[in-house]
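Listing of final-v1.tsv; format and content: TSV, C-alpha atoms.
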```
chain	number	residue	atom	x	y	z
A	12	GLY	CA	0.11	-14.56	-1.77
A	13	ALA	CA	3.68	-13.97	-2.79
A	14	VAL	CA	5.65	-11.44	-0.74
A	15	VAL	CA	8.22	-8.92	-1.83
A	16	SER	CA	10.13	-7.25	0.96
A	17	GLN	CA	12.12	-4.03	0.77
A	18	HIS	CA	14.70	-2.91	3.25
A	19	PRO	CA	15.09	-0.38	4.71
A	20	SER	CA	11.59	1.06	4.67
A	21	ARG	CA	12.95	4.46	5.66
A	22	VAL	CA	16.46	5.84	5.44
A	23	ILE	CA	17.92	9.25	6.14
A	24	CYS	CA	21.42	10.02	4.95
A	25	LYS	CA	23.79	12.92	4.50
A	26	SER	CA	24.46	14.44	1.13
A	27	GLY	CA	27.36	12.74	-0.65
A	28	THR	CA	26.90	9.32	0.91
A	29	SER	CA	25.66	6.18	-0.84
A	30	VAL	CA	22.55	4.28	0.15
A	31	LYS	CA	21.63	0.71	-0.71
A	32	ILE	CA	18.05	-0.52	-0.87
A	33	GLU	CA	17.28	-4.22	-1.03
A	34	CYS	CA	14.37	-5.91	-2.73
A	35	ARG	CA	13.75	-9.57	-1.90
A	36	SER	CA	11.18	-12.04	-3.15
A	37	LEU	CA	10.53	-14.12	-0.04
A	38	ASP	CA	8.78	-17.16	-1.37
A	39	PHE	CA	9.29	-17.20	-5.10
A	40	GLN	CA	11.99	-16.78	-7.70
A	41	ALA	CA	12.15	-13.72	-9.89
A	42	THR	CA	14.51	-13.43	-12.83
A	43	THR	CA	13.16	-9.95	-13.46
A	44	MET	CA	12.59	-7.16	-10.98
A	45	PHE	CA	11.68	-3.54	-11.52
A	46	TRP	CA	12.56	-0.34	-9.71
A	47	TYR	CA	10.15	2.59	-9.55
A	48	ARG	CA	10.48	6.06	-8.11
A	49	GLN	CA	7.73	8.37	-6.91
A	50	PHE	CA	8.03	12.09	-6.35
A	51	PRO	CA	5.47	13.80	-4.13
A	52	LYS	CA	2.08	14.01	-5.85
A	53	LYS	CA	3.54	12.48	-9.00
A	54	SER	CA	3.15	9.13	-10.68
A	55	LEU	CA	5.30	6.12	-9.99
A	56	MET	CA	7.94	6.16	-12.72
A	57	LEU	CA	9.78	3.09	-13.91
A	58	MET	CA	13.51	3.63	-13.45
A	59	ALA	CA	14.99	0.36	-14.59
A	60	THR	CA	14.47	-3.32	-15.22
A	61	SER	CA	16.75	-5.60	-13.25
A	62	ASN	CA	17.66	-8.95	-14.79
A	63	GLU	CA	19.27	-11.73	-12.80
A	64	GLY	CA	22.82	-12.32	-13.92
A	65	SER	CA	22.95	-9.49	-16.41
A	66	LYS	CA	23.03	-5.72	-16.61
A	67	ALA	CA	19.99	-3.69	-15.76
A	68	THR	CA	18.06	-1.87	-18.45
A	69	TYR	CA	17.50	1.78	-17.61
A	70	GLU	CA	14.67	4.01	-18.75
A	71	GLN	CA	15.47	7.14	-20.67
A	72	GLY	CA	16.69	9.92	-18.43
A	73	VAL	CA	17.77	7.68	-15.54
A	74	GLU	CA	21.49	7.89	-14.76
A	75	LYS	CA	22.89	4.38	-14.56
A	76	ASP	CA	26.02	5.54	-12.75
A	77	LYS	CA	23.89	7.29	-10.18
A	78	PHE	CA	21.47	4.44	-9.58
A	79	LEU	CA	23.41	1.19	-9.50
A	80	ILE	CA	21.32	-1.95	-9.78
A	81	ASN	CA	22.57	-5.43	-9.00
A	82	HIS	CA	20.43	-8.54	-9.37
A	83	ALA	CA	22.76	-11.03	-7.75
A	84	SER	CA	20.35	-13.91	-7.24
A	85	LEU	CA	16.89	-15.08	-8.18
A	86	THR	CA	15.48	-13.55	-5.00
A	87	LEU	CA	17.46	-10.34	-4.52
A	88	SER	CA	17.93	-7.08	-6.36
A	89	THR	CA	19.63	-4.03	-4.90
A	90	LEU	CA	19.44	-0.37	-5.81
A	91	THR	CA	22.35	1.80	-4.70
A	92	VAL	CA	21.94	5.56	-4.85
A	93	THR	CA	25.50	6.83	-5.16
A	94	SER	CA	26.66	10.21	-3.90
A	95	ALA	CA	23.13	11.04	-2.86
A	96	HIS	CA	21.84	14.60	-3.05
A	97	PRO	CA	18.67	16.16	-1.64
A	98	GLU	CA	16.99	15.92	-5.06
A	99	ASP	CA	17.33	12.13	-4.81
A	100	SER	CA	14.94	12.16	-1.86
A	101	SER	CA	12.00	10.10	-2.99
A	102	PHE	CA	9.92	6.97	-2.51
A	103	TYR	CA	11.45	3.94	-4.22
A	104	ILE	CA	9.37	0.82	-4.92
A	105	CYS	CA	10.43	-2.47	-6.41
A	106	SER	CA	8.36	-5.17	-8.05
A	107	ALA	CA	9.23	-8.73	-8.90
A	108	LYS	CA	7.93	-10.88	-11.71
A	109	VAL	CA	7.31	-14.49	-10.73
A	110	SER	CA	9.46	-16.89	-12.70
A	111	SER	CA	9.08	-19.95	-10.55
A	112	TRP	CA	6.78	-20.69	-7.64
A	113	THR	CA	4.20	-23.35	-6.94
A	114	GLY	CA	0.71	-21.98	-6.65
A	115	VAL	CA	1.22	-18.65	-8.36
A	116	ASN	CA	1.00	-18.01	-12.08
A	117	THR	CA	4.37	-17.24	-13.53
A	118	GLY	CA	4.52	-13.76	-14.94
A	119	GLU	CA	2.52	-12.18	-12.12
A	120	LEU	CA	3.97	-9.06	-10.57
A	121	PHE	CA	4.22	-8.38	-6.85
A	122	PHE	CA	5.30	-5.11	-5.28
A	123	GLY	CA	7.34	-4.29	-2.24
A	124	GLU	CA	6.18	-1.84	0.42
A	125	GLY	CA	8.54	0.87	-0.74
A	126	SER	CA	11.55	2.66	0.74
A	127	ARG	CA	11.50	6.33	1.60
A	128	LEU	CA	14.86	8.02	1.15
A	129	THR	CA	15.56	11.41	2.66
A	130	VAL	CA	18.87	13.07	1.85
A	131	LEU	CA	19.84	15.94	4.11
B	47	GLY	CA	3.44	8.69	-24.80
B	48	ASP	CA	1.43	6.38	-22.60
B	49	SER	CA	0.18	7.84	-19.34
B	50	VAL	CA	-2.44	7.62	-16.62
B	51	THR	CA	-4.18	10.48	-14.87
B	52	GLN	CA	-6.20	10.03	-11.72
B	53	MET	CA	-7.97	12.42	-9.41
B	54	GLU	CA	-5.95	14.03	-6.69
B	55	GLY	CA	-6.72	13.25	-3.11
B	56	PRO	CA	-7.12	12.92	-0.36
B	57	VAL	CA	-10.70	11.77	-0.57
B	58	THR	CA	-12.47	11.69	2.80
B	59	LEU	CA	-15.73	9.80	3.16
B	60	SER	CA	-17.93	8.56	5.94
B	61	GLU	CA	-18.45	4.84	6.34
B	62	GLU	CA	-21.06	3.41	3.94
B	63	ALA	CA	-20.69	6.31	1.51
B	64	PHE	CA	-20.35	5.76	-2.23
B	65	LEU	CA	-16.86	5.97	-3.67
B	66	THR	CA	-15.69	7.03	-7.10
B	67	ILE	CA	-12.05	7.59	-7.99
B	68	ASN	CA	-11.62	8.83	-11.53
B	69	CYS	CA	-8.92	7.48	-13.83
B	70	THR	CA	-8.28	8.28	-17.48
B	71	TYR	CA	-5.51	7.03	-19.70
B	72	THR	CA	-3.62	7.76	-22.89
B	73	ALA	CA	-2.10	4.84	-24.73
B	74	THR	CA	-1.38	3.47	-28.16
B	75	GLY	CA	-2.62	0.01	-28.94
B	76	TYR	CA	-4.74	-1.98	-26.54
B	77	PRO	CA	-3.58	-1.68	-22.96
B	78	SER	CA	-4.72	-3.65	-19.97
B	79	LEU	CA	-5.90	-1.54	-17.07
B	80	PHE	CA	-5.35	-2.08	-13.37
B	81	TRP	CA	-6.18	-0.75	-9.96
B	82	TYR	CA	-3.64	-1.31	-7.21
B	83	VAL	CA	-4.14	-0.56	-3.52
B	84	GLN	CA	-1.51	0.19	-0.92
B	85	TYR	CA	-2.46	-0.16	2.73
B	86	PRO	CA	-0.25	1.62	5.29
B	87	GLY	CA	3.13	-0.08	5.63
B	88	GLU	CA	2.43	-2.63	2.90
B	89	GLY	CA	3.32	-3.09	-0.77
B	90	LEU	CA	1.05	-2.38	-3.69
B	91	GLN	CA	-1.52	-5.13	-4.15
B	92	LEU	CA	-3.50	-5.82	-7.28
B	93	LEU	CA	-7.13	-4.93	-6.58
B	94	LEU	CA	-8.68	-5.59	-9.98
B	95	LYS	CA	-7.94	-5.50	-13.66
B	96	ALA	CA	-9.56	-5.45	-17.10
B	97	THR	CA	-7.86	-6.57	-20.27
B	98	LYS	CA	-10.16	-5.28	-23.02
B	99	ALA	CA	-12.83	-2.71	-23.76
B	100	ASP	CA	-16.12	-3.10	-21.85
B	101	ASP	CA	-14.59	-5.60	-19.43
B	102	LYS	CA	-15.50	-5.02	-15.81
B	103	GLY	CA	-13.00	-5.86	-13.13
B	104	SER	CA	-14.30	-6.47	-9.62
B	105	ASN	CA	-12.96	-7.49	-6.24
B	106	LYS	CA	-13.87	-6.90	-2.57
B	107	GLY	CA	-16.89	-4.81	-3.57
B	108	PHE	CA	-14.84	-2.56	-5.84
B	109	GLU	CA	-15.44	-2.46	-9.55
B	110	ALA	CA	-14.19	-0.62	-12.62
B	111	THR	CA	-15.23	-0.80	-16.26
B	112	TYR	CA	-12.80	-0.41	-19.16
B	113	ARG	CA	-14.34	2.35	-21.30
B	114	LYS	CA	-12.45	2.76	-24.55
B	115	GLU	CA	-14.70	5.53	-25.86
B	116	THR	CA	-13.91	7.75	-22.90
B	117	THR	CA	-10.46	6.22	-22.18
B	118	SER	CA	-11.48	5.77	-18.58
B	119	PHE	CA	-11.31	3.16	-15.84
B	120	HIS	CA	-13.05	4.74	-12.84
B	121	LEU	CA	-13.01	2.86	-9.55
B	122	GLU	CA	-16.29	2.56	-7.65
B	123	LYS	CA	-17.59	1.01	-4.46
B	124	GLY	CA	-21.14	1.26	-3.24
B	125	SER	CA	-20.43	1.33	0.49
B	126	VAL	CA	-16.95	1.99	1.83
B	127	GLN	CA	-15.61	0.75	5.14
B	128	VAL	CA	-12.95	2.15	7.45
B	129	SER	CA	-10.73	-0.76	6.38
B	130	ASP	CA	-10.77	0.58	2.80
B	131	SER	CA	-8.61	3.51	3.87
B	132	ALA	CA	-5.53	3.27	1.67
B	133	VAL	CA	-3.85	4.76	-1.39
B	134	TYR	CA	-5.27	3.64	-4.73
B	135	PHE	CA	-3.25	3.62	-7.94
B	136	CYS	CA	-4.59	3.32	-11.45
B	137	ALA	CA	-2.19	1.79	-13.98
B	138	LEU	CA	-1.89	0.48	-17.52
B	139	SER	CA	0.37	-2.06	-19.15
B	140	LYS	CA	0.63	-3.48	-22.64
B	141	SER	CA	1.26	-6.88	-24.13
B	142	GLY	CA	3.81	-5.29	-26.44
B	143	ASP	CA	5.95	-4.65	-23.38
B	144	ASN	CA	5.23	-8.19	-22.20
B	145	PHE	CA	3.28	-6.51	-19.41
B	146	ASN	CA	6.60	-5.59	-17.82
B	147	LYS	CA	6.23	-1.85	-17.98
B	148	PHE	CA	3.51	-0.23	-15.92
B	149	TYR	CA	2.40	3.37	-16.19
B	150	PHE	CA	0.91	4.52	-12.91
B	151	GLY	CA	-1.23	7.44	-11.90
B	152	SER	CA	-0.12	9.56	-8.98
B	153	GLY	CA	-2.29	7.71	-6.47
B	154	THR	CA	-5.39	8.81	-4.57
B	155	LYS	CA	-5.47	8.57	-0.81
B	156	LEU	CA	-8.81	7.50	0.62
B	157	ASN	CA	-9.70	8.21	4.24
B	158	VAL	CA	-12.87	6.59	5.53
B	159	LYS	CA	-14.19	7.87	8.86
B	160	PRO	CA	-16.46	5.85	11.15
```

Full structure transcribed into structure tokens:
Amino acid sequence: GAVVSQHPSRVICKSGTSVKIECRSLDFQATTMFWYRQFPKKSLMLMATSNEGSKATYEQGVEKDKFLINHASLTLSTLTVTSAHPEDSSFYICSAKVSSWTGVNTGELFFGEGSRLTVL
Amino acid sequence: GDSVTQMEGPVTLSEEAFLTINCTYTATGYPSLFWYVQYPGEGLQLLLKATKADDKGSNKGFEATYRKETTSFHLEKGSVQVSDSAVYFCALSKSGDNFNKFYFGSGTKLNVKP
């Protein structure tokens, strides 16, 4: 099946630094990708919808200046956590919606393996 | 608002035991319901889905029935294997959102011991 890869899978950073997480669709094109966040023992919450070539759409309560999203190509979206603080420590997961790929129905969603961020 | 609630884990079973993971939902309209599974070190994978009331989704021995009267979508398997050890997420999505927006439960970790 289609593969979505996230990098890094784990990252530890100091408070005040910025961290970038990449989400790549390896064998299909995705004009739309999604970023989720999961707190311990809580549900995965949709943070934002990333659209190739345009601005991301953020869910209510998500700070767009804090969580910068760039969807630079049909196979790559990045999430940058700026000036990270310990409360930003969380599990971040992306998903990609197939827009073009032979053998897979367009519109199907595939998820990355997640990135665990720890801010000291 | 729309939401999904699933039983907390971890759930620990012996091989060949019967599995039930409860999931209930709250939603306006007519959502589609999903179970996703995440094996260690991998992304979420669609396990099964049901798009309307009374539909039964099934895959790899797992099944779940969309029960509108009880707003439930419980996951079951008659005989679990060690390889079923993973985290299971219940989720809903709606056609009104073009199935873009998913509401997930908190996940239930299943440990199957030989």

Practice task
Write out as a list in words every residue belonging to chain B that has an atom at most 6 Å from any atom of chain A, counting all atoms listed in the file.
Solution key: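 Written out as asked, the residues are Glu88, Gly89, Leu90, Phe150, Gly151 and Ser152 of chain B.
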
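Distances to Thr86 (chain A) were evaluated for A:Ile23, A:Leu131, A:Met58, A:Val109 using only C-alpha atoms, and the minimum falls at A:Val109.
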
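If you look at CA of Ser29 (chain A) and CA of Thr68 (chain A), they are 20.8 Å away from each other.
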
Completion exercise
Using only C-alpha atoms, the best pick from B:Ser60, B:Thr70, B:Thr116, B:Asn105 as closest to Tyr82 (chain B) would be B:Asn105

Practice task
Using CA of Lys155 (chain B) and CA of Glu54 (chain B) as the two end points, give the distance in Å to one decimal.
Solution key: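 It comes out at 8.0 Å.
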
Practice task
Dig up all the protein and nucleic acid residues within 12 Å of (28.7, 5.2, 0.0) in the file frame, using all atoms listed in the file, and format them as a PyMOL selection string.
Solution key: chain A and resi 24-31+77+79+91-95

Practice task
Please identify all polymer residues within 10 Å of Ser139 (chain B), counting all atoms listed in the file, omitting same-chain residues fewer than 4 positions from it, and present them as a VMD selection string.
Solution key: chain B and resid 48 to 49 73 76 to 80 97 143 to 150

Practice task
Record the distance separating CA of Tyr85 (chain B) and CA of Val133 (chain B), expressed in Å with one decimal.
Solution key: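 Computing it gives 6.6 Å between the two atoms.
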
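Distances from B:Ala110, B:Val158, B:Val128, B:Cys69 to Val50 (chain B) were compared using all atoms listed in the file, and the smallest one belongs to B:Cys69.
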
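The smallest atom-to-atom distance between Ser100 (chain A) and any of A:Ala67, A:Ile32, A:Ala13, A:Val130, using all atoms listed in the file, is found for A:Val130.
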